[in-house]
>>> print(open('work26.pdb').read())   # PDB, C-alpha atoms, pLDDT in the B column
ATOM      1  CA  MET A   1      -5.032 -68.872 102.069  1.00 49.00           C
ATOM      2  CA  SER A   2      -5.510 -67.297  98.683  1.00 84.00           C
ATOM      3  CA  LEU A   3      -7.432 -64.052  98.798  1.00 93.00           C
ATOM      4  CA  ARG A   4      -9.380 -62.311  96.065  1.00 94.00           C
ATOM      5  CA  TYR A   5      -8.247 -58.703  95.960  1.00 95.00           C
ATOM      6  CA  ASP A   6     -10.976 -57.325  93.673  1.00 94.00           C
ATOM      7  CA  PHE A   7     -12.388 -54.058  94.949  1.00 95.00           C
ATOM      8  CA  ASP A   8     -14.792 -51.375  93.841  1.00 92.00           C
ATOM      9  CA  ILE A   9     -14.982 -47.646  94.344  1.00 92.00           C
ATOM     10  CA  HIS A  10     -17.915 -46.251  96.322  1.00 89.00           C
ATOM     11  CA  THR A  11     -18.937 -42.676  96.926  1.00 84.00           C
ATOM     12  CA  VAL A  12     -18.740 -41.704 100.575  1.00 76.00           C
ATOM     13  CA  VAL A  13     -22.036 -40.243 101.673  1.00 64.00           C
ATOM     14  CA  ASP A  14     -22.341 -36.912 103.425  1.00 56.00           C
ATOM     15  CA  ASP A  15     -22.684 -36.725 107.194  1.00 52.00           C
ATOM     16  CA  GLU A  16     -26.373 -35.715 106.901  1.00 55.00           C
ATOM     17  CA  THR A  17     -27.147 -39.183 105.569  1.00 55.00           C
ATOM     18  CA  PHE A  18     -26.312 -40.675 108.945  1.00 53.00           C
ATOM     19  CA  GLY A  19     -29.145 -38.910 110.801  1.00 54.00           C
ATOM     20  CA  SER A  20     -29.290 -35.941 113.094  1.00 55.00           C
ATOM     21  CA  GLY A  21     -29.416 -35.109 116.786  1.00 55.00           C
ATOM     22  CA  ASP A  22     -29.394 -38.004 119.242  1.00 55.00           C
ATOM     23  CA  SER A  23     -30.051 -40.569 116.519  1.00 53.00           C
ATOM     24  CA  LYS A  24     -26.963 -39.552 114.563  1.00 55.00           C
ATOM     25  CA  LYS A  25     -24.593 -42.464 113.965  1.00 58.00           C
ATOM     26  CA  LYS A  26     -20.934 -42.174 113.216  1.00 59.00           C
ATOM     27  CA  PRO A  27     -19.770 -43.297 109.758  1.00 58.00           C
ATOM     28  CA  SER A  28     -17.389 -45.712 111.480  1.00 59.00           C
ATOM     29  CA  GLU A  29     -20.432 -47.605 112.803  1.00 61.00           C
ATOM     30  CA  PHE A  30     -21.103 -48.487 109.161  1.00 57.00           C
ATOM     31  CA  GLY A  31     -17.497 -49.557 108.517  1.00 56.00           C
ATOM     32  CA  LEU A  32     -16.593 -46.355 106.691  1.00 56.00           C
ATOM     33  CA  SER A  33     -13.414 -44.423 107.291  1.00 53.00           C
ATOM     34  CA  PHE A  34     -13.414 -40.724 106.553  1.00 50.00           C
ATOM     35  CA  GLN A  35      -9.676 -40.747 106.218  1.00 49.00           C
ATOM     36  CA  SER A  36     -10.414 -41.661 102.613  1.00 44.00           C
ATOM     37  CA  LYS A  37      -9.402 -39.141  99.993  1.00 46.00           C
ATOM     38  CA  GLY A  38     -11.676 -37.316  97.564  1.00 51.00           C
ATOM     39  CA  ARG A  39     -15.005 -38.566  98.995  1.00 76.00           C
ATOM     40  CA  LYS A  40     -14.431 -41.987  97.442  1.00 86.00           C
ATOM     41  CA  ILE A  41     -13.655 -45.206  99.242  1.00 91.00           C
ATOM     42  CA  ALA A  42     -12.463 -48.558  97.931  1.00 94.00           C
ATOM     43  CA  MET A  43     -14.038 -51.664  99.386  1.00 94.00           C
ATOM     44  CA  PHE A  44     -12.955 -55.234  98.762  1.00 96.00           C
ATOM     45  CA  ARG A  45     -15.662 -57.471  97.341  1.00 94.00           C
ATOM     46  CA  ASP A  46     -14.716 -60.529  99.358  1.00 95.00           C
ATOM     47  CA  PRO A  47     -15.448 -60.389 103.114  1.00 95.00           C
ATOM     48  CA  LYS A  48     -12.422 -62.663 103.728  1.00 95.00           C
ATOM     49  CA  THR A  49     -10.134 -60.094 102.111  1.00 95.00           C
ATOM     50  CA  ALA A  50     -11.620 -57.270 104.200  1.00 95.00           C
ATOM     51  CA  ALA A  51     -11.160 -59.401 107.328  1.00 95.00           C
ATOM     52  CA  ALA A  52      -7.551 -60.118 106.349  1.00 94.00           C
ATOM     53  CA  LEU A  53      -6.933 -56.381 105.936  1.00 93.00           C
ATOM     54  CA  ARG A  54      -8.458 -55.694 109.360  1.00 93.00           C
ATOM     55  CA  ALA A  55      -6.103 -58.331 110.806  1.00 92.00           C
ATOM     56  CA  ALA A  56      -3.069 -57.157 108.810  1.00 90.00           C
ATOM     57  CA  PRO A  57      -0.098 -55.557 110.561  1.00 89.00           C
ATOM     58  CA  LYS A  58      -0.725 -51.919 111.481  1.00 87.00           C
ATOM     59  CA  GLY A  59       1.674 -50.573 108.835  1.00 87.00           C
ATOM     60  CA  VAL A  60      -0.107 -52.323 105.950  1.00 89.00           C
ATOM     61  CA  ARG A  61      -3.595 -51.596 107.295  1.00 90.00           C
ATOM     62  CA  SER A  62      -2.810 -47.918 107.906  1.00 89.00           C
ATOM     63  CA  LEU A  63      -1.244 -47.575 104.465  1.00 90.00           C
ATOM     64  CA  LEU A  64      -4.353 -48.835 102.675  1.00 92.00           C
ATOM     65  CA  ILE A  65      -6.741 -46.834 104.866  1.00 92.00           C
ATOM     66  CA  GLU A  66      -4.677 -43.713 104.206  1.00 90.00           C
ATOM     67  CA  VAL A  67      -4.927 -44.104 100.421  1.00 91.00           C
ATOM     68  CA  GLY A  68      -8.691 -44.671 100.573  1.00 91.00           C
ATOM     69  CA  PHE A  69      -9.592 -48.276 101.449  1.00 93.00           C
ATOM     70  CA  GLY A  70     -12.364 -49.198 103.836  1.00 92.00           C
ATOM     71  CA  LEU A  71     -12.283 -52.114 106.228  1.00 92.00           C
ATOM     72  CA  ASN A  72     -15.652 -53.587 105.229  1.00 92.00           C
ATOM     73  CA  SER A  73     -16.623 -55.404 102.068  1.00 92.00           C
ATOM     74  CA  HIS A  74     -19.260 -54.913  99.410  1.00 91.00           C
ATOM     75  CA  HIS A  75     -19.775 -56.922  96.243  1.00 88.00           C
ATOM     76  CA  ASN A  76     -21.471 -55.014  93.451  1.00 84.00           C
ATOM     77  CA  GLY A  77     -21.859 -57.927  91.040  1.00 85.00           C
ATOM     78  CA  VAL A  78     -18.845 -57.283  88.818  1.00 90.00           C
ATOM     79  CA  PRO A  79     -17.036 -60.484  87.789  1.00 89.00           C
ATOM     80  CA  GLU A  80     -13.680 -61.352  89.307  1.00 91.00           C
ATOM     81  CA  GLY A  81     -10.717 -59.714  87.581  1.00 91.00           C
ATOM     82  CA  PHE A  82     -12.781 -56.773  86.295  1.00 91.00           C
ATOM     83  CA  PHE A  83     -13.910 -53.394  87.571  1.00 93.00           C
ATOM     84  CA  PRO A  84     -16.507 -50.900  86.292  1.00 92.00           C
ATOM     85  CA  VAL A  85     -14.968 -48.657  83.649  1.00 92.00           C
ATOM     86  CA  GLU A  86     -16.238 -45.551  85.475  1.00 90.00           C
ATOM     87  CA  ASP A  87     -14.060 -46.519  88.489  1.00 92.00           C
ATOM     88  CA  LYS A  88     -10.870 -46.243  86.441  1.00 93.00           C
ATOM     89  CA  PRO A  89      -9.963 -42.592  87.293  1.00 92.00           C
ATOM     90  CA  ALA A  90     -10.533 -43.107  91.036  1.00 91.00           C
ATOM     91  CA  ARG A  91      -8.579 -46.382  91.007  1.00 92.00           C
ATOM     92  CA  GLN A  92      -5.682 -44.731  89.190  1.00 92.00           C
ATOM     93  CA  GLN A  93      -5.680 -41.861  91.674  1.00 91.00           C
ATOM     94  CA  MET A  94      -5.647 -44.280  94.632  1.00 91.00           C
ATOM     95  CA  MET A  95      -2.821 -46.294  93.091  1.00 92.00           C
ATOM     96  CA  ARG A  96      -0.792 -43.108  92.509  1.00 93.00           C
ATOM     97  CA  ARG A  97      -1.253 -42.204  96.179  1.00 92.00           C
ATOM     98  CA  LEU A  98      -0.270 -45.738  97.169  1.00 92.00           C
ATOM     99  CA  ARG A  99       2.848 -45.653  94.990  1.00 91.00           C
ATOM    100  CA  ALA A 100       3.830 -42.245  96.435  1.00 92.00           C
ATOM    101  CA  ARG A 101       3.420 -43.595  99.972  1.00 90.00           C
ATOM    102  CA  LEU A 102       5.423 -46.732  99.160  1.00 88.00           C
ATOM    103  CA  ASP A 103       8.150 -44.551  97.614  1.00 88.00           C
ATOM    104  CA  GLN A 104       8.396 -42.748 100.955  1.00 87.00           C
ATOM    105  CA  GLN A 105       8.366 -45.850 103.136  1.00 81.00           C
ATOM    106  CA  VAL A 106       7.539 -49.531 102.674  1.00 78.00           C
ATOM    107  CA  PRO A 107       5.940 -51.119 105.761  1.00 75.00           C
ATOM    108  CA  GLN A 108       8.290 -53.584 107.431  1.00 71.00           C
ATOM    109  CA  GLU A 109       5.553 -56.195 107.778  1.00 73.00           C
ATOM    110  CA  ILE A 110       4.728 -56.112 104.058  1.00 70.00           C
ATOM    111  CA  ASP A 111       3.757 -59.792 103.741  1.00 67.00           C
ATOM    112  CA  VAL A 112       3.092 -60.828 107.332  1.00 69.00           C
ATOM    113  CA  GLY A 113      -0.286 -62.512 107.771  1.00 78.00           C
ATOM    114  CA  PRO A 114      -2.889 -63.498 105.195  1.00 86.00           C
ATOM    115  CA  PHE A 115      -3.116 -60.102 103.474  1.00 89.00           C
ATOM    116  CA  GLY A 116      -0.271 -59.959 100.967  1.00 87.00           C
ATOM    117  CA  LEU A 117       0.503 -56.453  99.767  1.00 86.00           C
ATOM    118  CA  VAL A 118       2.528 -57.828  96.841  1.00 86.00           C
ATOM    119  CA  ASP A 119      -0.354 -60.145  95.839  1.00 90.00           C
ATOM    120  CA  PHE A 120      -2.750 -57.202  96.127  1.00 92.00           C
ATOM    121  CA  LEU A 121      -0.608 -55.014  93.849  1.00 91.00           C
ATOM    122  CA  GLU A 122      -0.341 -57.843  91.333  1.00 93.00           C
ATOM    123  CA  ALA A 123      -4.136 -58.285  91.306  1.00 93.00           C
ATOM    124  CA  VAL A 124      -4.624 -54.540  90.806  1.00 93.00           C
ATOM    125  CA  ALA A 125      -2.229 -54.571  87.859  1.00 92.00           C
ATOM    126  CA  GLN A 126      -4.087 -57.479  86.232  1.00 93.00           C
ATOM    127  CA  ALA A 127      -7.639 -56.155  86.722  1.00 94.00           C
ATOM    128  CA  GLU A 128      -9.372 -54.876  83.601  1.00 91.00           C
ATOM    129  CA  PRO A 129     -12.189 -52.381  83.124  1.00 91.00           C
ATOM    130  CA  ILE A 130     -15.577 -53.658  81.997  1.00 87.00           C
ATOM    131  CA  SER A 131     -18.155 -51.510  80.241  1.00 87.00           C
ATOM    132  CA  ASN A 132     -21.705 -51.168  81.508  1.00 82.00           C
ATOM    133  CA  GLU A 133     -22.925 -52.932  78.370  1.00 87.00           C
ATOM    134  CA  ALA A 134     -20.611 -55.907  78.929  1.00 80.00           C
ATOM    135  CA  LEU A 135     -21.623 -55.989  82.599  1.00 80.00           C
ATOM    136  CA  THR A 136     -25.308 -56.018  81.633  1.00 80.00           C
ATOM    137  CA  ASN A 137     -24.647 -58.889  79.196  1.00 78.00           C
ATOM    138  CA  TYR A 138     -22.778 -60.754  81.941  1.00 75.00           C
ATOM    139  CA  HIS A 139     -25.711 -60.377  84.349  1.00 71.00           C
ATOM    140  CA  ARG A 140     -28.188 -61.486  81.679  1.00 81.00           C
ATOM    141  CA  ALA A 141     -26.066 -64.571  80.994  1.00 75.00           C
ATOM    142  CA  LEU A 142     -26.046 -65.363  84.726  1.00 71.00           C
ATOM    143  CA  GLU A 143     -29.839 -64.987  84.823  1.00 78.00           C
ATOM    144  CA  ARG A 144     -30.224 -67.321  81.837  1.00 75.00           C
ATOM    145  CA  LYS A 145     -27.943 -69.843  83.511  1.00 78.00           C
ATOM    146  CA  ALA A 146     -29.936 -69.620  86.749  1.00 74.00           C
ATOM    147  CA  ASP A 147     -33.204 -70.049  84.821  1.00 70.00           C
ATOM    148  CA  ALA A 148     -31.780 -73.073  83.002  1.00 72.00           C
ATOM    149  CA  LEU A 149     -30.720 -74.611  86.318  1.00 70.00           C
ATOM    150  CA  LEU A 150     -34.180 -74.008  87.768  1.00 72.00           C
ATOM    151  CA  ASP A 151     -35.782 -75.589  84.701  1.00 69.00           C
ATOM    152  CA  PHE A 152     -33.439 -78.555  85.045  1.00 71.00           C
ATOM    153  CA  ASP A 153     -34.276 -78.854  88.766  1.00 70.00           C
ATOM    154  CA  ARG A 154     -38.007 -78.728  87.988  1.00 73.00           C
ATOM    155  CA  THR A 155     -37.614 -81.365  85.294  1.00 77.00           C
ATOM    156  CA  MET A 156     -35.616 -83.612  87.613  1.00 78.00           C
ATOM    157  CA  PHE A 157     -38.196 -83.150  90.382  1.00 76.00           C
ATOM    158  CA  LEU A 158     -41.086 -83.999  88.044  1.00 72.00           C
ATOM    159  CA  THR A 159     -39.191 -86.997  86.665  1.00 81.00           C
ATOM    160  CA  LYS A 160     -38.552 -88.308  90.181  1.00 80.00           C
ATOM    161  CA  LEU A 161     -42.152 -87.628  91.172  1.00 75.00           C
ATOM    162  CA  MET A 162     -43.424 -89.512  88.125  1.00 80.00           C
ATOM    163  CA  GLY A 163     -41.085 -92.390  88.974  1.00 79.00           C
ATOM    164  CA  ILE A 164     -42.451 -92.534  92.510  1.00 80.00           C
ATOM    165  CA  VAL A 165     -46.054 -92.430  91.264  1.00 76.00           C
ATOM    166  CA  ILE A 166     -45.375 -95.205  88.729  1.00 78.00           C
ATOM    167  CA  LEU A 167     -43.534 -97.277  91.327  1.00 75.00           C
ATOM    168  CA  ALA A 168     -46.407 -96.807  93.802  1.00 75.00           C
ATOM    169  CA  PHE A 169     -48.931 -97.807  91.117  1.00 73.00           C
ATOM    170  CA  ILE A 170     -46.968-100.920  90.140  1.00 75.00           C
ATOM    171  CA  THR A 171     -46.453-101.871  93.779  1.00 73.00           C
ATOM    172  CA  SER A 172     -50.137-101.455  94.572  1.00 71.00           C
ATOM    173  CA  ARG A 173     -51.142-103.552  91.540  1.00 66.00           C
ATOM    174  CA  PHE A 174     -48.600-106.234  92.425  1.00 64.00           C
ATOM    175  CA  THR A 175     -49.718-106.495  96.066  1.00 61.00           C
ATOM    176  CA  LEU A 176     -53.381-106.728  95.018  1.00 54.00           C
ATOM    177  CA  GLN A 177     -52.711-109.680  92.722  1.00 54.00           C
ATOM    178  CA  ILE A 178     -50.956-111.753  95.394  1.00 51.00           C
TER
END
>>> encode(input="work26.pdb", output="structure tokens")
Amino acid sequence: MSLRYDFDIHTVVDDETFGSGDSKKKPSEFGLSFQSKGRKIAMFRDPKTAAALRAAPKGVRSLLIEVGFGLNSHHNGVPEGFFPVEDKPARQQMMRRLRARLDQQVPQEIDVGPFGLVDFLEAVAQAEPISNEALTNYHRALERKADALLDFDRTMFLTKLMGIVILAFITSRFTLQI
């Protein structure tokens, strides 16, 4: 199974956000781990990748949690292979922590199971930053494409409807003449 290792950086909210008193929920109930560093957490965009990390051997899973990855997913609309330019410092910091941890000890089960640490590192190295302006243009292009598809669907529906009406008219005229 080929996984998509794109991820985004999210700010970890303060404990007050989770309620107070008896109604207070733990951050872990929302899939957040406060073992993350610097009040930032990385979350994979693809739920399959997050699931693969949750199922990964303990050494790999613990390594990524320790450097700031969460076990849930969240897609923020950035295209595959790119990340928001403002995430660059936090991503670099996480990758430095990951490299330091790997320099100390590489997990024995590095590529056991669907989550491939080597594939992940390769995807991180290939990802490129995207500016807010380029991201806005990307979203506008997607909206235009969606609008064009809707227009096409409407046109096809009306064409089929007209065909049915014409066929019904011809059929009714033909049966009346017999």
>>> residues_near_point(input="work26.pdb", point="(-9.1, -53.6, 105.1)", cutoff="7 Å", atoms="all atoms listed in the file", output="list in words")
Ala50, Ala51, Ala52, Leu53, Arg54, Arg61, Phe69, Gly70, Leu71 and Asn72 of chain A
>>> write_last_selection(input="work26.pdb", atoms="C-alpha atoms", output="JSON list (two decimals), in the coordinates of the input")
[["chain", "number", "residue", "atom", "x", "y", "z"],
["A", 50, "ALA", "CA", -11.62, -57.27, 104.20],
["A", 51, "ALA", "CA", -11.16, -59.40, 107.33],
["A", 52, "ALA", "CA", -7.55, -60.12, 106.35],
["A", 53, "LEU", "CA", -6.93, -56.38, 105.94],
["A", 54, "ARG", "CA", -8.46, -55.69, 109.36],
["A", 61, "ARG", "CA", -3.60, -51.60, 107.30],
["A", 69, "PHE", "CA", -9.59, -48.28, 101.45],
["A", 70, "GLY", "CA", -12.36, -49.20, 103.84],
["A", 71, "LEU", "CA", -12.28, -52.11, 106.23],
["A", 72, "ASN", "CA", -15.65, -53.59, 105.23]]
>>> resolve_selection(input="work26.pdb", expression="the PyMOL selection byres ((chain A and resi 43) around 6)", output="MDAnalysis selection string")
chainID A and resid 7:8 42 44 69:70 73
>>> closest_residue(input="work26.pdb", among="A:Leu149, A:Leu161, A:Ala127, A:Leu167", to="Arg4 (chain A)", atoms="only C-alpha atoms")
A:Ala127
>>> resolve_selection(input="work26.pdb", expression="the PyMOL selection byres ((chain A and resi 78-93) around 10)", output="PyMOL selection string")
chain A and resi 4-10+37-38+40-42+45+67-68+75-77+94-99+123-132+134-136+138-139
>>> closest_atom_pairs(input="work26.pdb", of="region 53-87 of chain A", to="region 103-106 of chain A", cutoff="10 Å", atoms="only C-alpha atoms", output="Markdown table")
| residue | atom | partner | partner_atom | distance |
| --- | --- | --- | --- | --- |
| A:Gly59 | CA | A:Val106 | CA | 8.6 |
| A:Val60 | CA | A:Val106 | CA | 8.8 |
| A:Leu63 | CA | A:Val106 | CA | 9.2 |
